[in-house]
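Chemist: Sharing data-v5.cif, mmCIF, C-alpha atoms:
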data_final
loop_
_atom_site.label_atom_id
_atom_site.label_comp_id
_atom_site.auth_asym_id
_atom_site.auth_seq_id
_atom_site.Cartn_x
_atom_site.Cartn_y
_atom_site.Cartn_z
CA MET A 1 -59.33 -141.02 -11.37
CA ASP A 2 -58.95 -137.31 -10.83
CA ILE A 3 -57.78 -136.62 -7.29
CA ALA A 4 -57.43 -132.84 -7.60
CA TYR A 5 -59.29 -130.14 -9.47
CA ILE A 6 -60.93 -126.76 -8.95
CA PRO A 7 -64.67 -127.18 -8.42
CA SER A 8 -67.10 -124.74 -9.99
CA PRO A 9 -69.83 -123.21 -7.82
CA SER A 10 -73.20 -124.90 -8.00
CA SER A 11 -74.87 -121.51 -8.34
CA GLY A 12 -73.79 -118.20 -9.78
CA VAL A 13 -75.76 -116.25 -7.19
CA ILE A 14 -74.45 -115.01 -3.84
CA HIS A 15 -77.05 -114.30 -1.16
CA LEU A 16 -76.25 -111.31 1.04
CA GLY A 17 -78.93 -111.98 3.60
CA PRO A 18 -82.26 -111.62 1.79
CA LEU A 19 -80.58 -109.88 -1.15
CA PRO A 20 -79.51 -112.10 -4.07
CA LEU A 21 -76.43 -110.93 -5.95
CA ARG A 22 -74.98 -112.62 -9.00
CA GLY A 23 -71.38 -113.71 -8.51
CA TYR A 24 -70.29 -112.02 -11.76
CA ALA A 25 -71.70 -108.67 -10.67
CA PHE A 26 -70.23 -109.08 -7.18
CA CYS A 27 -66.72 -109.58 -8.61
CA ILE A 28 -67.06 -106.52 -10.83
CA ILE A 29 -68.28 -104.36 -7.94
CA LEU A 30 -65.53 -105.63 -5.63
CA GLY A 31 -62.94 -104.93 -8.31
CA VAL A 32 -64.17 -101.35 -8.69
CA PHE A 33 -63.95 -100.72 -4.93
CA VAL A 34 -60.41 -102.13 -4.78
CA ALA A 35 -59.38 -100.04 -7.79
CA VAL A 36 -60.71 -96.83 -6.24
CA TRP A 37 -59.11 -97.57 -2.86
CA TYR A 38 -55.69 -98.48 -4.20
CA GLY A 39 -55.80 -95.86 -6.94
CA ASN A 40 -56.53 -93.22 -4.29
CA ARG A 41 -53.45 -94.26 -2.31
CA ARG A 42 -51.22 -94.05 -5.37
CA TRP A 43 -52.71 -90.72 -6.42
CA ILE A 44 -52.00 -89.21 -3.01
CA ALA A 45 -48.43 -90.56 -3.18
CA ARG A 46 -48.03 -88.76 -6.51
CA GLY A 47 -49.06 -85.48 -4.88
CA GLY A 48 -52.80 -85.55 -5.59
CA LYS A 49 -55.69 -85.04 -3.20
CA ALA A 50 -57.70 -87.66 -1.36
CA GLY A 51 -61.07 -88.29 -2.98
CA THR A 52 -60.05 -87.23 -6.48
CA VAL A 53 -59.90 -90.81 -7.78
CA ALA A 54 -63.39 -91.51 -6.44
CA ASP A 55 -64.74 -88.33 -8.05
CA ILE A 56 -63.28 -89.18 -11.44
CA SER A 57 -64.44 -92.80 -11.18
CA VAL A 58 -68.01 -91.48 -11.17
CA TRP A 59 -67.34 -90.70 -14.83
CA ALA A 60 -64.92 -93.49 -15.71
CA VAL A 61 -66.78 -96.51 -14.31
CA PRO A 62 -70.14 -95.99 -16.11
CA PHE A 63 -68.33 -95.22 -19.36
CA GLY A 64 -66.20 -98.33 -18.89
CA LEU A 65 -69.20 -100.59 -18.28
CA VAL A 66 -70.98 -99.29 -21.36
CA GLY A 67 -67.84 -99.62 -23.49
CA GLY A 68 -67.12 -103.12 -22.24
CA ARG A 69 -70.64 -104.27 -22.99
CA LEU A 70 -70.67 -102.65 -26.43
CA TYR A 71 -67.42 -104.36 -27.41
CA HIS A 72 -68.76 -107.73 -26.30
CA VAL A 73 -72.11 -107.33 -28.06
CA ILE A 74 -70.54 -106.07 -31.28
CA THR A 75 -67.86 -108.77 -31.48
CA ASP A 76 -70.29 -111.55 -30.41
CA TYR A 77 -73.41 -110.22 -32.08
CA GLN A 78 -74.53 -113.72 -33.06
CA LEU A 79 -75.29 -114.43 -29.41
CA TYR A 80 -78.01 -111.78 -29.41
CA PHE A 81 -79.14 -111.02 -32.96
CA SER A 82 -79.07 -114.35 -34.81
CA ASP A 83 -82.09 -116.58 -35.40
CA GLY A 84 -83.61 -117.90 -32.20
CA LYS A 85 -81.84 -115.34 -30.01
CA ASN A 86 -83.46 -112.56 -28.00
CA TRP A 87 -81.85 -109.14 -28.55
CA VAL A 88 -83.04 -108.06 -25.10
CA ASP A 89 -80.35 -110.34 -23.64
CA ALA A 90 -77.77 -107.84 -24.89
CA PHE A 91 -78.73 -105.63 -21.93
CA LYS A 92 -78.34 -108.39 -19.31
CA ILE A 93 -74.86 -107.39 -18.24
CA TRP A 94 -75.17 -109.35 -14.99
CA GLU A 95 -75.06 -112.59 -16.96
CA GLY A 96 -71.52 -111.86 -18.10
CA GLY A 97 -69.98 -110.36 -21.19
CA LEU A 98 -67.65 -107.38 -20.78
CA GLY A 99 -64.86 -106.76 -23.27
CA ILE A 100 -61.83 -105.26 -21.54
CA TRP A 101 -60.78 -103.47 -24.72
CA GLY A 102 -64.03 -101.50 -24.87
CA ALA A 103 -64.06 -100.98 -21.12
CA ILE A 104 -60.61 -99.37 -21.08
CA ALA A 105 -61.26 -97.26 -24.19
CA PHE A 106 -64.59 -95.86 -23.03
CA GLY A 107 -63.40 -95.66 -19.42
CA ALA A 108 -60.54 -93.46 -20.61
CA VAL A 109 -63.06 -91.10 -22.19
CA GLY A 110 -64.94 -90.87 -18.90
CA ALA A 111 -61.69 -90.33 -17.00
CA TRP A 112 -60.72 -87.58 -19.46
CA ILE A 113 -63.98 -85.77 -18.76
CA GLY A 114 -63.46 -86.07 -15.00
CA CYS A 115 -59.83 -84.94 -15.23
CA ARG A 116 -60.72 -81.99 -17.44
CA ARG A 117 -63.31 -80.79 -14.94
CA ARG A 118 -60.65 -80.73 -12.21
CA GLY A 119 -57.74 -79.42 -14.28
CA ILE A 120 -55.79 -82.69 -13.99
CA PRO A 121 -53.53 -84.11 -16.74
CA LEU A 122 -55.01 -87.42 -17.85
CA PRO A 123 -51.62 -89.14 -18.41
CA ALA A 124 -50.57 -88.52 -14.80
CA TYR A 125 -53.90 -89.83 -13.53
CA ALA A 126 -53.63 -92.90 -15.77
CA ASP A 127 -50.15 -93.67 -14.45
CA ALA A 128 -51.37 -93.55 -10.86
CA ILE A 129 -54.37 -95.84 -11.34
CA ALA A 130 -52.83 -98.32 -13.81
CA PRO A 131 -51.93 -100.98 -11.17
CA ALA A 132 -55.32 -100.46 -9.55
CA ILE A 133 -57.13 -101.11 -12.83
CA VAL A 134 -55.30 -104.35 -13.51
CA LEU A 135 -55.99 -105.54 -9.94
CA ALA A 136 -59.67 -104.87 -10.59
CA GLN A 137 -59.37 -107.05 -13.68
CA ALA A 138 -57.80 -109.81 -11.58
CA ILE A 139 -60.79 -109.75 -9.26
CA GLY A 140 -63.36 -109.37 -12.02
CA ARG A 141 -62.09 -112.49 -13.80
CA TRP A 142 -63.45 -114.61 -10.97
CA GLY A 143 -66.89 -113.70 -12.22
CA ASN A 144 -66.24 -116.13 -15.09
CA TRP A 145 -65.71 -118.86 -12.50
CA PHE A 146 -69.17 -118.23 -11.08
CA ASN A 147 -70.67 -118.37 -14.59
CA GLN A 148 -68.60 -121.42 -15.66
CA GLU A 149 -67.47 -119.67 -18.84
CA LEU A 150 -64.36 -118.75 -20.82
CA TYR A 151 -62.40 -121.86 -19.82
CA GLY A 152 -59.65 -123.47 -21.87
CA LYS A 153 -58.99 -126.83 -23.45
CA ALA A 154 -59.59 -130.15 -21.70
CA THR A 155 -56.77 -131.16 -19.38
CA ASP A 156 -55.87 -133.48 -16.51
CA VAL A 157 -53.52 -131.14 -14.63
CA PRO A 158 -54.10 -131.01 -10.83
CA TRP A 159 -55.47 -127.47 -11.07
CA ALA A 160 -57.98 -128.31 -13.79
CA LEU A 161 -61.37 -126.61 -13.60
CA GLU A 162 -64.46 -128.76 -13.22
CA ILE A 163 -67.29 -127.73 -15.52
CA SER A 164 -70.80 -129.14 -15.17
CA ASP A 165 -73.31 -129.77 -17.94
CA GLY A 166 -75.18 -126.71 -19.07
CA ALA A 167 -76.24 -124.59 -22.00
CA ASN A 168 -73.50 -124.61 -24.66
CA ARG A 169 -71.05 -126.54 -22.45
CA ASP A 170 -70.11 -130.14 -21.69
CA SER A 171 -69.04 -131.46 -18.31
CA GLY A 172 -65.36 -132.22 -17.83
CA LEU A 173 -62.04 -130.85 -16.64
CA TYR A 174 -60.58 -127.86 -18.48
CA HIS A 175 -57.78 -125.32 -18.19
CA PRO A 176 -58.93 -122.55 -15.79
CA THR A 177 -58.07 -119.66 -18.09
CA PHE A 178 -59.91 -117.26 -15.78
CA LEU A 179 -57.37 -118.19 -13.08
CA TYR A 180 -54.42 -117.83 -15.45
CA GLU A 181 -55.52 -114.35 -16.45
CA SER A 182 -56.25 -113.35 -12.85
CA LEU A 183 -52.75 -114.37 -11.76
CA TRP A 184 -51.24 -112.69 -14.81
CA CYS A 185 -53.02 -109.44 -13.91
CA VAL A 186 -51.59 -109.56 -10.39
CA GLY A 187 -48.13 -110.03 -11.91
CA VAL A 188 -48.70 -107.06 -14.23
CA ALA A 189 -49.70 -104.88 -11.27
CA LEU A 190 -46.48 -105.81 -9.45
CA LEU A 191 -44.44 -105.13 -12.60
CA VAL A 192 -45.94 -101.66 -13.08
CA VAL A 193 -45.45 -100.73 -9.41
CA TRP A 194 -41.82 -101.85 -9.52
CA ALA A 195 -41.06 -100.11 -12.82
CA ASP A 196 -42.78 -96.92 -11.68
CA ARG A 197 -40.64 -96.78 -8.55
CA ARG A 198 -37.45 -97.77 -10.34
CA PHE A 199 -37.70 -95.52 -13.40
CA LYS A 200 -40.10 -92.79 -12.21
CA LEU A 201 -42.44 -93.31 -15.14
CA GLY A 202 -44.51 -90.32 -16.15
CA HIS A 203 -46.69 -88.84 -18.89
CA GLY A 204 -48.72 -92.03 -19.33
CA ARG A 205 -45.83 -94.48 -19.63
CA ALA A 206 -46.79 -96.51 -16.54
CA PHE A 207 -50.27 -96.95 -18.02
CA ALA A 208 -48.79 -97.93 -21.39
CA LEU A 209 -46.57 -100.51 -19.66
CA TYR A 210 -49.66 -102.01 -18.02
CA VAL A 211 -51.42 -102.19 -21.39
CA ALA A 212 -48.44 -103.81 -23.13
CA ALA A 213 -47.81 -106.35 -20.37
CA TYR A 214 -51.47 -107.29 -20.15
CA CYS A 215 -51.67 -107.81 -23.91
CA VAL A 216 -48.80 -110.30 -23.80
CA GLY A 217 -50.61 -112.49 -21.30
CA ARG A 218 -54.01 -112.02 -22.89
CA ALA A 219 -52.72 -113.19 -26.28
CA TRP A 220 -51.55 -116.63 -25.11
CA ILE A 221 -54.45 -117.09 -22.67
CA GLU A 222 -56.92 -116.20 -25.43
CA TYR A 223 -55.26 -118.78 -27.65
CA MET A 224 -56.04 -121.47 -25.03
CA ARG A 225 -59.75 -120.75 -24.84
CA VAL A 226 -62.31 -122.96 -26.57
CA ASP A 227 -65.40 -120.76 -26.44
CA GLU A 228 -66.88 -119.57 -29.71
CA ALA A 229 -65.13 -116.57 -31.24
CA HIS A 230 -64.57 -114.86 -34.58
CA HIS A 231 -61.30 -115.72 -36.32
CA VAL A 232 -59.19 -113.60 -38.66
CA LEU A 233 -56.40 -115.31 -40.62
CA GLY A 234 -56.60 -118.29 -38.31
CA LEU A 235 -56.35 -116.32 -35.05
CA ARG A 236 -59.09 -115.31 -32.64
CA LEU A 237 -60.18 -111.68 -32.96
CA ASN A 238 -59.03 -110.85 -29.44
CA VAL A 239 -55.56 -112.21 -30.20
CA TRP A 240 -55.25 -109.73 -33.06
CA THR A 241 -56.56 -106.98 -30.81
CA ALA A 242 -53.95 -107.81 -28.20
CA ILE A 243 -51.17 -107.76 -30.81
CA ILE A 244 -52.21 -104.40 -32.25
CA VAL A 245 -52.72 -102.75 -28.86
CA PHE A 246 -49.36 -104.12 -27.66
CA VAL A 247 -47.54 -102.54 -30.61
CA LEU A 248 -49.28 -99.20 -30.02
CA ALA A 249 -48.48 -99.24 -26.29
CA VAL A 250 -44.79 -99.99 -26.86
CA ALA A 251 -44.58 -97.30 -29.55
CA TYR A 252 -46.12 -94.80 -27.12
CA ILE A 253 -43.56 -95.65 -24.43
CA VAL A 254 -40.65 -95.11 -26.83
CA VAL A 255 -41.93 -91.90 -28.42
CA SER A 256 -43.17 -90.41 -25.15
CA ALA A 257 -39.82 -91.03 -23.42
CA ARG A 258 -38.08 -89.05 -26.15
CA ILE A 259 -40.54 -86.18 -26.41
CA ARG A 260 -41.45 -85.78 -22.73
CA PRO A 261 -38.84 -87.42 -20.49
CA GLY A 262 -39.16 -87.43 -16.72
CA ARG A 263 -42.32 -87.22 -14.64
CA GLU A 264 -44.91 -84.55 -13.93
CA GLU A 265 -44.01 -82.50 -10.83
CA ILE A 266 -47.53 -81.20 -10.19
CA VAL A 267 -50.42 -83.59 -10.85
CA GLU A 268 -53.31 -81.73 -9.26
CA PRO A 269 -53.46 -77.93 -8.96
CA ASP A 270 -54.76 -76.50 -5.69
CA ARG A 271 -58.11 -74.90 -6.48
CA GLU A 272 -58.02 -72.56 -3.48
CA LEU A 273 -54.58 -71.28 -4.36
CA LEU A 274 -55.62 -70.91 -7.98
CA GLY A 275 -58.62 -68.85 -6.89
CA LYS A 276 -56.47 -66.67 -4.65
CA ASP A 277 -53.95 -66.12 -7.40
CA ALA A 278 -56.74 -65.09 -9.75
CA LYS A 279 -58.04 -62.53 -7.22
CA ASP A 280 -54.54 -61.18 -6.61
CA THR A 281 -54.03 -60.85 -10.35
CA LYS A 282 -57.27 -58.89 -10.72
CA ALA A 283 -56.29 -56.62 -7.85
CA GLU A 284 -52.91 -55.98 -9.39
CA ASP A 285 -54.56 -55.23 -12.73
CA GLY A 286 -56.81 -52.71 -10.99
CA ASP A 287 -53.86 -50.98 -9.36
CA VAL A 288 -52.06 -50.80 -12.68
CA ALA A 289 -55.14 -49.36 -14.36
CA THR A 290 -55.49 -46.66 -11.67
CA ALA A 291 -51.85 -45.76 -11.96
CA GLY A 292 -52.17 -45.62 -15.72
CA ALA A 293 -55.13 -43.27 -15.50
CA LYS A 294 -53.10 -40.87 -13.39
CA ASP A 295 -50.21 -41.06 -15.80
CA ASP A 296 -52.52 -40.34 -18.74
CA ALA A 297 -53.41 -36.92 -17.19
CA PRO A 298 -49.99 -35.30 -16.52
CA GLY A 299 -51.43 -31.75 -16.56
CA ALA A 300 -53.85 -32.37 -13.70
CA ASP A 301 -51.32 -31.57 -10.97
CA ALA A 302 -50.16 -28.41 -12.81
CA ASP A 303 -53.74 -27.15 -13.14
CA ALA A 304 -54.29 -27.62 -9.45
CA GLU A 305 -51.17 -25.62 -8.64
CA ASP A 306 -52.25 -22.78 -11.00
CA ALA A 307 -55.65 -22.61 -9.30
CA THR A 308 -53.99 -22.35 -5.91
CA ASP A 309 -51.73 -19.50 -7.09
CA ALA A 310 -54.71 -17.58 -8.50
CA THR A 311 -56.55 -17.87 -5.21
CA ASP A 312 -53.53 -16.56 -3.30
CA ALA A 313 -53.19 -13.57 -5.69
CA ALA A 314 -56.84 -12.58 -5.24
CA ALA A 315 -56.50 -12.70 -1.49
CA ALA A 316 -53.42 -10.42 -1.66
CA LYS A 317 -55.32 -7.72 -3.66
CA LYS A 318 -58.09 -7.57 -1.09
CA VAL A 319 -55.55 -6.97 1.62
#
Re-express the file's structure as structure tokens.

Modeler:
Amino acid sequence: MDIAYIPSPSSGVIHLGPLPLRGYAFCIILGVFVAVWYGNRRWIARGGKAGTVADISVWAVPFGLVGGRLYHVITDYQLYFSDGKNWVDAFKIWEGGLGIWGAIAFGAVGAWIGCRRRGIPLPAYADAIAPAIVLAQAIGRWGNWFNQELYGKATDVPWALEISDGANRDSGLYHPTFLYESLWCVGVALLVVWADRRFKLGHGRAFALYVAAYCVGRAWIEYMRVDEAHHVLGLRLNVWTAIIVFVLAVAYIVVSARIRPGREEIVEPDRELLGKDAKDTKAEDGDVATAGAKDDAPGADADAEDATDATDAAAAKKV
């Protein structure tokens, strides 16, 4: 007899008054709000301006959602394009299916566009929001709980997850891998915050630390899952992805620390001051040009003096 377990919700829909909202979508939205709020605080602490994170997220979030969905659809194409499947389901993002690898990659492209428009170095921005991103992941993982998906192997531990009968799943008690990853993400956020304060990480190294630490946890959690997935050399595709990304992140930390040690002193230029400096520069250029014009005509003063002398001589003759 099982005396303790984590129950799954009977429905994946949350009703906000008359408005129905799927639990998966609610977790994603809540994660985005938390990421923007906390990322804004860290950005201000780094010397940036309030509201910048929200402005850049207008680019990063849509890119991230598209990238996350593309990665999921491409790596699990059989769920949408095999016999008996409806390809239209590939667009039903609210039913679950976001690949974090694609979300981060495409989200970085969106963030780069937003940073470029404001004259902000992307590595500094990435360092500031890294803990905020992984906290958003921790919250977003609870969307899998609402959908009763991505659980692990059967178990009888007290914190086992209860799964009910449904499409492509059997009732029973399983490892709550969504919970494991959520807790791991919180731990990664704490690690990055501590390391950033202790070592003053800069030039993208805090973000790379987040990526490396997340990959470590994702690899063993992915290994526990029992949902259908593509395998390469006996390992799930996402395990290989985690290994490769981990190696790249660690290599970046090492190389970056040697090439660009320290941390950025200025992370967000002041637009008003930049505009004033530009005007002052133009004014100085104008003064220099005027002075140069005078210098280019050295005989002008002599001609004026000669004209004055001639006038004086004519006046003397008349007298």

Chemist: Which polymer residues, whether protein, DNA or RNA, lie within 6 Å of the coordinate (-64.8, -105.6, -10.3) when you count all atoms listed in the file? List them as a list in words, using the chain letters and numbers from the file.

Modeler: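 Looking at atoms near the point gives Cys27, Ile28, Ile29, Leu30, Gly31, Val32, Ala136, Ile139 and Gly140 of chain A.
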
Chemist: Calculated over only C-alpha atoms, which of the candidates A:Ala105, A:Cys115, A:Ala126, A:Val267 has the smallest distance to A:Val66?

Modeler: A:Ala105

Chemist: Which value, in Å to one decimal, gives the distance between atom CA of A:Asp55 and atom CA of A:Leu122?

Modeler: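 Interatomic distance, atom CA of A:Asp55 to atom CA of A:Leu122: 13.8 Å.
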
Chemist: Could you tell me which residues the PyMOL selection byres ((chain A and resi 205-221) around 7) returns for this structure, as a PyMOL selection string?

Modeler: chain A and resi 126-127+130+177+181+184-185+188+192+196+201-204+222-225+239+242-243+246+249-250+253

Chemist: Give me, as a Markdown table, the closest atom pair and its distance (Å, one decimal) for every residue of stretch 192-253 of chain A within a cut-off of 12 Å of stretch 77-89 of chain A, counting only C-alpha atoms, rows sorted by chain and rising number.

Modeler:
| residue | atom | partner | partner_atom | distance |
| --- | --- | --- | --- | --- |
| A:Glu228 | CA | A:Leu79 | CA | 9.9 |
| A:Ala229 | CA | A:Gln78 | CA | 10.0 |
| A:His230 | CA | A:Gln78 | CA | 10.1 |

Chemist: So which residues get picked by the PyMOL selection byres ((chain A and resi 12) around 7) here, written as a list of chain:residue names?

Modeler: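 Going through the file, the PyMOL selection byres ((chain A and resi 12) around 7) ends up selecting A:Pro9, A:Ser10, A:Ser11, A:Val13, A:Ile14, A:Arg22, A:Gly23, A:Phe146, A:Asn147.
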
Chemist: Do a neighbour search on stretch 158-174 of chain A at 8 Å with only C-alpha atoms, toss out local chain neighbours closer than 6 positions, and write the hits as a PyMOL selection string.

Modeler: chain A and resi 2-8+148+151-152

Chemist: So how far away is atom CA of A:Leu235 from atom CA of A:Lys153, in Å?

Modeler: 15.9 Å

Chemist: Could you tell me how far atom CA of A:Phe33 sits from atom CA of A:Tyr180, in Å to one decimal place?

Modeler: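 Interatomic distance, atom CA of A:Tyr180 to atom CA of A:Phe33: 22.2 Å.
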